[in-house]
Structures are given as C-alpha cells and as structure tokens.
file model.tsv (TSV, C-alpha atoms)
chain	number	residue	atom	x	y	z
A	30	MET	CA	-71.45	-23.31	-44.43
A	31	GLU	CA	-74.89	-24.29	-45.68
A	32	THR	CA	-77.92	-24.05	-43.40
A	33	ASP	CA	-78.38	-27.82	-43.10
A	34	SER	CA	-74.70	-28.17	-42.11
A	35	TRP	CA	-75.17	-25.59	-39.37
A	36	GLY	CA	-78.23	-27.52	-38.21
A	37	PHE	CA	-76.25	-30.76	-38.07
A	38	CYS	CA	-73.41	-29.12	-36.14
A	39	PHE	CA	-75.76	-27.51	-33.65
A	40	GLN	CA	-77.62	-30.78	-33.09
A	41	HIS	CA	-74.30	-32.58	-32.63
A	42	TYR	CA	-73.18	-29.86	-30.23
A	43	GLY	CA	-76.20	-30.69	-28.06
A	44	LYS	CA	-75.12	-34.34	-27.96
A	45	ILE	CA	-71.63	-33.29	-26.87
A	46	VAL	CA	-73.17	-31.32	-24.01
A	47	ASP	CA	-75.02	-34.47	-22.93
A	48	ARG	CA	-71.71	-36.36	-22.88
A	49	ILE	CA	-70.03	-33.66	-20.80
A	50	ASP	CA	-72.80	-33.99	-18.20
A	51	SER	CA	-71.39	-37.29	-16.96
A	52	ASP	CA	-73.86	-37.83	-14.10
A	53	GLY	CA	-76.84	-36.96	-16.30
A	54	ASP	CA	-78.40	-34.51	-13.84
A	55	GLY	CA	-78.91	-31.82	-16.48
A	56	LEU	CA	-76.20	-29.58	-15.03
A	57	VAL	CA	-72.56	-29.28	-16.12
A	58	THR	CA	-70.13	-28.48	-13.31
A	59	THR	CA	-66.63	-27.07	-13.63
A	60	GLU	CA	-65.25	-30.48	-12.65
A	61	GLU	CA	-67.24	-32.27	-15.39
A	62	LEU	CA	-66.08	-29.72	-17.93
A	63	LYS	CA	-62.46	-30.07	-16.79
A	64	VAL	CA	-62.59	-33.87	-17.08
A	65	TRP	CA	-64.11	-33.57	-20.57
A	66	ILE	CA	-61.47	-31.07	-21.76
A	67	LYS	CA	-58.69	-33.37	-20.53
A	68	ARG	CA	-60.34	-36.24	-22.38
A	69	VAL	CA	-60.53	-34.19	-25.60
A	70	GLN	CA	-56.87	-33.18	-25.24
A	71	LYS	CA	-55.81	-36.79	-24.73
A	72	ARG	CA	-57.90	-38.04	-27.66
A	73	TYR	CA	-56.45	-35.36	-29.94
A	74	ILE	CA	-52.92	-36.46	-29.06
A	75	TYR	CA	-53.56	-40.16	-29.63
A	76	ASP	CA	-55.48	-39.46	-32.86
A	77	ASN	CA	-52.52	-37.43	-34.08
A	78	VAL	CA	-50.12	-40.31	-33.37
A	79	ALA	CA	-52.45	-42.79	-35.12
A	80	LYS	CA	-52.51	-40.61	-38.26
A	81	VAL	CA	-48.73	-40.57	-38.66
A	82	TRP	CA	-47.93	-44.04	-37.30
A	83	LYS	CA	-47.94	-45.81	-40.69
A	84	ASP	CA	-45.53	-43.22	-42.11
A	85	TYR	CA	-42.83	-44.39	-39.72
A	86	ASP	CA	-43.67	-48.04	-38.94
A	87	ARG	CA	-42.23	-49.21	-42.23
A	88	ASP	CA	-41.97	-52.91	-41.38
A	89	LYS	CA	-45.51	-52.96	-39.89
A	90	ASP	CA	-44.41	-54.59	-36.63
A	91	GLU	CA	-46.39	-52.12	-34.47
A	92	ARG	CA	-43.18	-50.54	-33.22
A	93	ILE	CA	-41.06	-47.70	-34.59
A	94	SER	CA	-37.31	-48.00	-34.33
A	95	TRP	CA	-35.02	-45.00	-34.27
A	96	GLU	CA	-33.65	-46.15	-37.65
A	97	GLU	CA	-37.16	-46.20	-39.13
A	98	TYR	CA	-37.90	-42.71	-37.85
A	99	LYS	CA	-34.51	-41.37	-38.93
A	100	GLN	CA	-34.83	-42.76	-42.46
A	101	ALA	CA	-38.42	-41.55	-42.87
A	102	THR	CA	-37.56	-38.05	-41.64
A	103	TYR	CA	-33.94	-37.50	-42.65
A	104	GLY	CA	-33.28	-40.26	-45.20
A	105	TYR	CA	-33.07	-38.03	-48.26
A	106	TYR	CA	-30.83	-35.54	-46.44
A	107	LEU	CA	-28.52	-38.30	-45.21
A	108	GLY	CA	-28.38	-39.90	-48.65
A	109	ASN	CA	-27.76	-36.66	-50.54
A	110	PRO	CA	-25.75	-34.37	-48.24
A	111	ALA	CA	-24.16	-32.43	-51.09
A	112	GLU	CA	-27.55	-31.04	-52.13
A	113	PHE	CA	-27.96	-29.38	-48.74
A	114	GLN	CA	-24.41	-28.19	-48.17
A	115	ASP	CA	-25.05	-24.54	-49.01
A	116	SER	CA	-28.72	-24.27	-48.03
A	117	SER	CA	-30.43	-23.17	-44.85
A	118	ASP	CA	-31.92	-26.67	-44.68
A	119	HIS	CA	-28.44	-28.05	-44.00
A	120	HIS	CA	-28.23	-26.12	-40.74
A	121	THR	CA	-31.78	-27.15	-39.82
A	122	PHE	CA	-31.20	-30.86	-40.44
A	123	LYS	CA	-27.81	-30.79	-38.74
A	124	LYS	CA	-29.44	-29.30	-35.63
A	125	MET	CA	-32.66	-31.31	-35.62
A	126	LEU	CA	-31.26	-34.80	-36.18
A	127	PRO	CA	-29.28	-35.07	-32.91
A	128	ARG	CA	-32.07	-33.25	-31.09
A	129	ASP	CA	-34.64	-35.77	-32.31
A	130	GLU	CA	-32.34	-38.64	-31.39
A	131	ARG	CA	-31.93	-37.27	-27.86
A	132	ARG	CA	-35.71	-36.87	-27.49
A	133	PHE	CA	-36.34	-40.36	-28.94
A	134	LYS	CA	-33.93	-41.90	-26.42
A	135	ALA	CA	-35.61	-40.01	-23.56
A	136	SER	CA	-39.00	-41.35	-24.60
A	137	ASP	CA	-37.64	-44.90	-24.99
A	138	LEU	CA	-38.14	-46.07	-21.42
A	139	ASP	CA	-36.81	-49.60	-21.92
A	140	GLY	CA	-33.77	-48.40	-23.86
A	141	ASP	CA	-34.16	-50.69	-26.87
A	142	LEU	CA	-34.21	-47.80	-29.41
A	143	THR	CA	-37.65	-48.99	-30.53
A	144	ALA	CA	-40.80	-47.09	-29.61
A	145	THR	CA	-44.13	-48.56	-28.64
A	146	ARG	CA	-47.19	-46.41	-29.38
A	147	GLU	CA	-47.01	-44.97	-25.88
A	148	GLU	CA	-43.31	-44.20	-26.20
A	149	PHE	CA	-43.80	-42.67	-29.64
A	150	THR	CA	-46.63	-40.55	-28.24
A	151	ALA	CA	-44.21	-39.27	-25.59
A	152	PHE	CA	-41.69	-38.53	-28.35
A	153	LEU	CA	-44.17	-36.48	-30.42
A	154	HIS	CA	-45.93	-34.82	-27.46
A	155	PRO	CA	-43.32	-34.62	-24.68
A	156	GLU	CA	-45.15	-31.85	-22.80
A	157	GLU	CA	-47.84	-34.40	-21.85
A	158	PHE	CA	-45.50	-36.83	-20.09
A	159	GLU	CA	-43.82	-36.31	-16.73
A	160	HIS	CA	-40.61	-38.16	-17.69
A	161	MET	CA	-40.22	-35.92	-20.77
A	162	LYS	CA	-40.47	-32.56	-19.06
A	163	GLU	CA	-36.72	-32.10	-18.69
A	164	ILE	CA	-36.42	-32.47	-22.47
A	165	VAL	CA	-39.13	-29.82	-22.96
A	166	VAL	CA	-37.21	-27.44	-20.69
A	167	LEU	CA	-33.89	-28.15	-22.42
A	168	GLU	CA	-35.32	-27.68	-25.92
A	169	THR	CA	-36.98	-24.42	-24.87
A	170	LEU	CA	-33.67	-23.17	-23.48
A	171	GLU	CA	-31.81	-24.12	-26.66
A	172	ASP	CA	-34.41	-22.41	-28.86
A	173	ILE	CA	-34.33	-19.09	-27.01
A	174	ASP	CA	-30.73	-18.93	-25.78
A	175	LYS	CA	-29.18	-17.29	-28.84
A	176	ASN	CA	-25.77	-16.50	-27.29
A	177	GLY	CA	-25.30	-20.06	-26.05
A	178	ASP	CA	-24.46	-19.22	-22.44
A	179	GLY	CA	-26.97	-21.70	-21.01
A	180	PHE	CA	-29.39	-19.03	-19.80
A	181	VAL	CA	-32.21	-16.87	-21.19
A	182	ASP	CA	-31.68	-13.16	-20.61
A	183	GLN	CA	-34.43	-10.58	-20.90
A	184	ASP	CA	-33.63	-9.59	-24.50
A	185	GLU	CA	-33.64	-13.25	-25.58
A	186	TYR	CA	-36.93	-13.74	-23.78
A	187	ILE	CA	-38.47	-10.78	-25.62
A	188	ALA	CA	-36.94	-11.73	-28.97
A	189	ASP	CA	-38.77	-15.06	-28.81
A	190	MET	CA	-42.11	-13.24	-29.05
A	191	PHE	CA	-41.32	-9.88	-30.66
A	192	SER	CA	-39.07	-8.88	-33.53
A	193	HIS	CA	-37.87	-5.30	-33.88
A	194	GLU	CA	-38.68	-4.29	-37.45
A	195	ASP	CA	-37.25	-0.80	-36.95
A	196	ASN	CA	-35.79	1.34	-34.20
A	197	GLY	CA	-39.16	2.63	-32.99
A	198	PRO	CA	-40.48	2.33	-29.45
A	199	GLU	CA	-41.60	-1.05	-28.15
A	200	PRO	CA	-45.35	-1.64	-27.90
A	201	ASP	CA	-46.92	-1.52	-24.45
A	202	TRP	CA	-47.44	-5.28	-24.37
A	203	VAL	CA	-43.70	-5.82	-24.84
A	204	LEU	CA	-42.94	-3.45	-21.95
A	205	SER	CA	-45.45	-5.44	-19.92
A	206	GLU	CA	-43.63	-8.66	-20.81
A	207	ARG	CA	-40.35	-7.14	-19.64
A	208	GLU	CA	-42.03	-6.44	-16.31
A	209	GLN	CA	-43.29	-10.04	-16.26
A	210	PHE	CA	-39.73	-11.21	-16.79
A	211	ASN	CA	-38.39	-9.11	-13.92
A	212	ASP	CA	-41.25	-9.69	-11.48
A	213	PHE	CA	-42.33	-13.29	-12.12
A	214	ARG	CA	-39.91	-15.16	-14.40
A	215	ASP	CA	-36.51	-14.21	-12.97
A	216	LEU	CA	-37.09	-15.69	-9.52
A	217	ASN	CA	-33.55	-15.19	-8.17
A	218	LYS	CA	-33.25	-11.70	-9.70
A	219	ASP	CA	-29.95	-12.32	-11.48
A	220	GLY	CA	-31.20	-10.95	-14.80
A	221	LYS	CA	-31.50	-14.30	-16.57
A	222	LEU	CA	-33.47	-17.54	-16.48
A	223	ASP	CA	-31.83	-20.85	-15.62
A	224	LYS	CA	-33.41	-24.27	-16.25
A	225	ASP	CA	-35.40	-24.24	-13.01
A	226	GLU	CA	-36.85	-20.81	-13.79
A	227	ILE	CA	-37.69	-21.88	-17.34
A	228	ARG	CA	-39.45	-24.97	-15.95
A	229	HIS	CA	-41.44	-22.78	-13.57
A	230	TRP	CA	-42.38	-20.55	-16.52
A	231	ILE	CA	-43.44	-23.10	-19.15
A	232	LEU	CA	-44.52	-25.98	-16.88
A	233	PRO	CA	-45.98	-24.33	-13.77
A	234	GLN	CA	-46.89	-26.85	-11.09
A	235	ASP	CA	-49.79	-24.84	-9.76
A	236	TYR	CA	-51.56	-24.23	-13.09
A	237	ASP	CA	-53.98	-26.63	-14.74
A	238	HIS	CA	-54.88	-25.50	-18.28
A	239	ALA	CA	-58.03	-27.63	-18.41
A	240	GLN	CA	-59.19	-26.34	-15.03
A	241	ALA	CA	-58.56	-22.74	-16.08
A	242	GLU	CA	-60.47	-23.15	-19.33
A	243	ALA	CA	-63.36	-24.92	-17.60
A	244	ARG	CA	-63.66	-22.12	-15.06
A	245	HIS	CA	-63.57	-19.50	-17.81
A	246	LEU	CA	-66.31	-21.23	-19.81
A	247	VAL	CA	-68.53	-21.60	-16.75
A	248	TYR	CA	-67.98	-17.99	-15.72
A	249	GLU	CA	-68.81	-16.64	-19.18
A	250	SER	CA	-71.87	-18.85	-19.72
A	251	ASP	CA	-73.44	-19.07	-16.24
A	252	LYS	CA	-76.33	-16.61	-16.54
A	253	ASN	CA	-77.89	-17.31	-13.14
A	254	LYS	CA	-74.50	-17.47	-11.39
A	255	ASP	CA	-75.11	-20.80	-9.63
A	256	GLU	CA	-71.64	-21.99	-10.78
A	257	MET	CA	-73.19	-24.72	-12.92
A	258	LEU	CA	-74.37	-24.72	-16.52
A	259	THR	CA	-77.66	-25.93	-17.90
A	260	LYS	CA	-77.75	-27.29	-21.42
A	261	GLU	CA	-79.58	-24.12	-22.45
A	262	GLU	CA	-76.87	-21.88	-21.02
A	263	ILE	CA	-74.23	-23.79	-22.97
A	264	LEU	CA	-76.23	-23.78	-26.20
A	265	ASP	CA	-76.89	-20.04	-25.82
A	266	ASN	CA	-73.14	-19.43	-25.65
A	267	TRP	CA	-72.14	-21.99	-28.25
A	268	ASN	CA	-69.76	-19.65	-30.10
A	269	MET	CA	-67.47	-19.57	-27.06
A	270	PHE	CA	-67.52	-23.36	-26.72
A	271	VAL	CA	-66.80	-23.84	-30.43
A	272	GLY	CA	-63.65	-21.76	-29.93
A	273	SER	CA	-62.50	-23.85	-26.98
A	274	GLN	CA	-60.85	-27.17	-26.29
A	275	ALA	CA	-64.22	-28.51	-25.09
A	276	THR	CA	-65.12	-29.11	-28.76
A	277	ASN	CA	-61.52	-29.43	-30.00
A	278	TYR	CA	-61.98	-25.92	-31.42
A	279	GLY	CA	-65.10	-26.95	-33.33
A	280	GLU	CA	-63.62	-30.02	-35.01
A	281	ASP	CA	-65.67	-32.41	-32.88
A	282	LEU	CA	-68.89	-30.94	-34.29
A	283	THR	CA	-68.21	-32.83	-37.52
A	284	LYS	CA	-67.47	-36.18	-35.86
A	285	ASN	CA	-69.89	-39.04	-35.36
A	286	HIS	CA	-71.21	-39.64	-31.85
A	287	ASP	CA	-69.14	-42.79	-31.36
A	288	GLU	CA	-65.92	-41.05	-32.36
A	289	LEU	CA	-66.03	-38.77	-29.28

call {"tool": "encode", "arguments": {"input": "model.tsv", "output": "structure tokens"}}
result
Amino acid sequence: METDSWGFCFQHYGKIVDRIDSDGDGLVTTEELKVWIKRVQKRYIYDNVAKVWKDYDRDKDERISWEEYKQATYGYYLGNPAEFQDSSDHHTFKKMLPRDERRFKASDLDGDLTATREEFTAFLHPEEFEHMKEIVVLETLEDIDKNGDGFVDQDEYIADMFSHEDNGPEPDWVLSEREQFNDFRDLNKDGKLDKDEIRHWILPQDYDHAQAEARHLVYESDKNKDEMLTKEEILDNWNMFVGSQATNYGEDLTKNHDEL
C-alpha cells in the first residue's frame, strides 16, 4: 500500500475511534467497544444481504419467494439433471436443496413462502436470530454426524477439525480437543453429543463474542491499566484493532465516514 493510502487509513482509523467513544469523554470503555463491535457485526450482515438481494428478487417486488431463490440457486441443476447424474455436484445439490428449503421455511415467520428482507437475513445468517438457532444446531449435527445415528461421537467431533493424513501420532492440540470433548462438551458423559450438548457447544448462553473481544482489546491496549482506553492508546495499538471486528478486520478503514 502506498504511503498516502496508509495516511488516509490511519486518519480514518482516528475517526472510527471518535465514533466508538459514544459519550465523547475521550475515553473508550469496554461497554462502548462492545456496543460498537455489535454494531459492526450487524452492519456487515445487512450489507451482505443488500449485496445479494437483487440476485434473488427477480420480479423486483422487494420480497424473495422460495421459488425465486430455488430457481436462482438450483435452476440449472433442476433443468438439466442428467448433466449432474454422475458428478459429485449431484450429491451436493440433492442434499442442499431440501436443507435450504427447510431453513427458508424456518425463517419465514408468516408462512407465506416469501421472505422480507428481515426474513431473508435470518435465512442467510441464522446464527444471529433466536428463532433460527434450532436450525443451526440441526445443520451442525447433520454436517458432523457421519454415521447418521443422530449424535456426534468423539471421533466425528475430531474429524470435523482434523484429518488424519497418515497413521502417525495426533498433534498435541488434537489430544487437547479430545480432553475438551470429554470434560466440557459431553455433559452427560455418555461418549457422544446430543442436540442439547451441541447447542451448549456452538451457542453458549453465557458467552458474548463481542464482550470477549472488547475485553481482549482493552486488556492488550490499556497501558496505564485504568480499564479504559485513550485515543492514543488505541492508535498506538492499531495493528490489533485492524485485525479485529472493531474495524471489520480493516475493511472499515477504506469506507467513508457516513458509511459507518
């Protein structure tokens, strides 16, 4: 990146810090940072939906029907099934189509098989919506449960994050994950995870990602340990903030002030 681009980004970064400091007292608290991170997360999600909306709203009525989504996503496959009969794509489409339809219906709160922007946002980002969390749990179970018994055993749990390339010993981090499975994931100690245990794992009630990140950023940047950040402390540690959700991983440094 050229020097003048770095200068622009750094200047813009300072303006973001001013926005985070919502009460304008010159100090950024963990709470202010948490609120800002949640705002950035929400804006990212709605921006993402806005970018793809026109690809699916084919009749431009500001709603997306299941038929519109199905034709935009699976139309060629449905119209030319013979082309996919012997390919790996056939299995993928055959699995994903009913799964998408189930998720679409879960997001469609009024049951008219037509999604408003809010409903379509829940369809694309189900982890962000309370009424979609059962779908998130179910899809996670289906992805990891390779033997189809309705549970996730320890080997399936490990296989989701580590693939044995040979018969050598497992790395230490994999052994640590096995301990995590036994000690913290498998709550009833029956050797496998049911839906409730999967929900506790991937959607913990007592864990706030934005709060955790805000605390981490304050801890790492708070030189005088007063549990608040001055603008200088944040600017001095800008590399950490650029790699965080507080700046949408640096992307916000290229946006105009009124886009934030």

call {"tool": "residues_around", "arguments": {"input": "model.tsv", "residues": "region 232-234 of chain A", "least_positions_apart": "6", "cutoff": "12 Å", "atoms": "only C-alpha atoms", "output": "number ranges by chain"}}
result
A: 155-159, 161-166, 169, 213-214, 224-226

call {"tool": "atom_distance", "arguments": {"input": "model.tsv", "atom1": "CA of Glu148 (chain A)", "atom2": "CA of Ser136 (chain A)"}}
result
5.4 Å

call {"tool": "closest_residue", "arguments": {"input": "model.tsv", "among": "A:Ile93, A:Ile263, A:Ile187, A:Ala275", "to": "Leu142 (chain A)", "atoms": "only C-alpha atoms"}}
result
A:Ile93

call {"tool": "closest_residue", "arguments": {"input": "model.tsv", "among": "A:Lys260, A:Lys80, A:Arg244, A:Lys63", "to": "Arg146 (chain A)", "atoms": "all atoms listed in the file"}}
result
A:Lys80

call {"tool": "atom_distance", "arguments": {"input": "model.tsv", "atom1": "CA of Ala79 (chain A)", "atom2": "CA of Ala101 (chain A)"}}
result
16.1 Å

call {"tool": "closest_residue", "arguments": {"input": "model.tsv", "among": "A:Ile231, A:Val46, A:Ser250, A:His154", "to": "Asp76 (chain A)", "atoms": "all atoms listed in the file"}}
result
A:His154

call {"tool": "residues_around", "arguments": {"input": "model.tsv", "residues": "Tyr106 (chain A)", "least_positions_apart": "5", "cutoff": "8 Å", "atoms": "only C-alpha atoms", "output": "PyMOL selection string"}}
result
chain A and resi 112-113+122

call {"tool": "atom_distance", "arguments": {"input": "model.tsv", "atom1": "CA of Gln240 (chain A)", "atom2": "CA of Arg228 (chain A)"}}
result
19.8 Å

call {"tool": "closest_residue", "arguments": {"input": "model.tsv", "among": "A:Val181, A:His229, A:Lys99, A:Thr145", "to": "Leu216 (chain A)", "atoms": "all atoms listed in the file"}}
result
A:His229
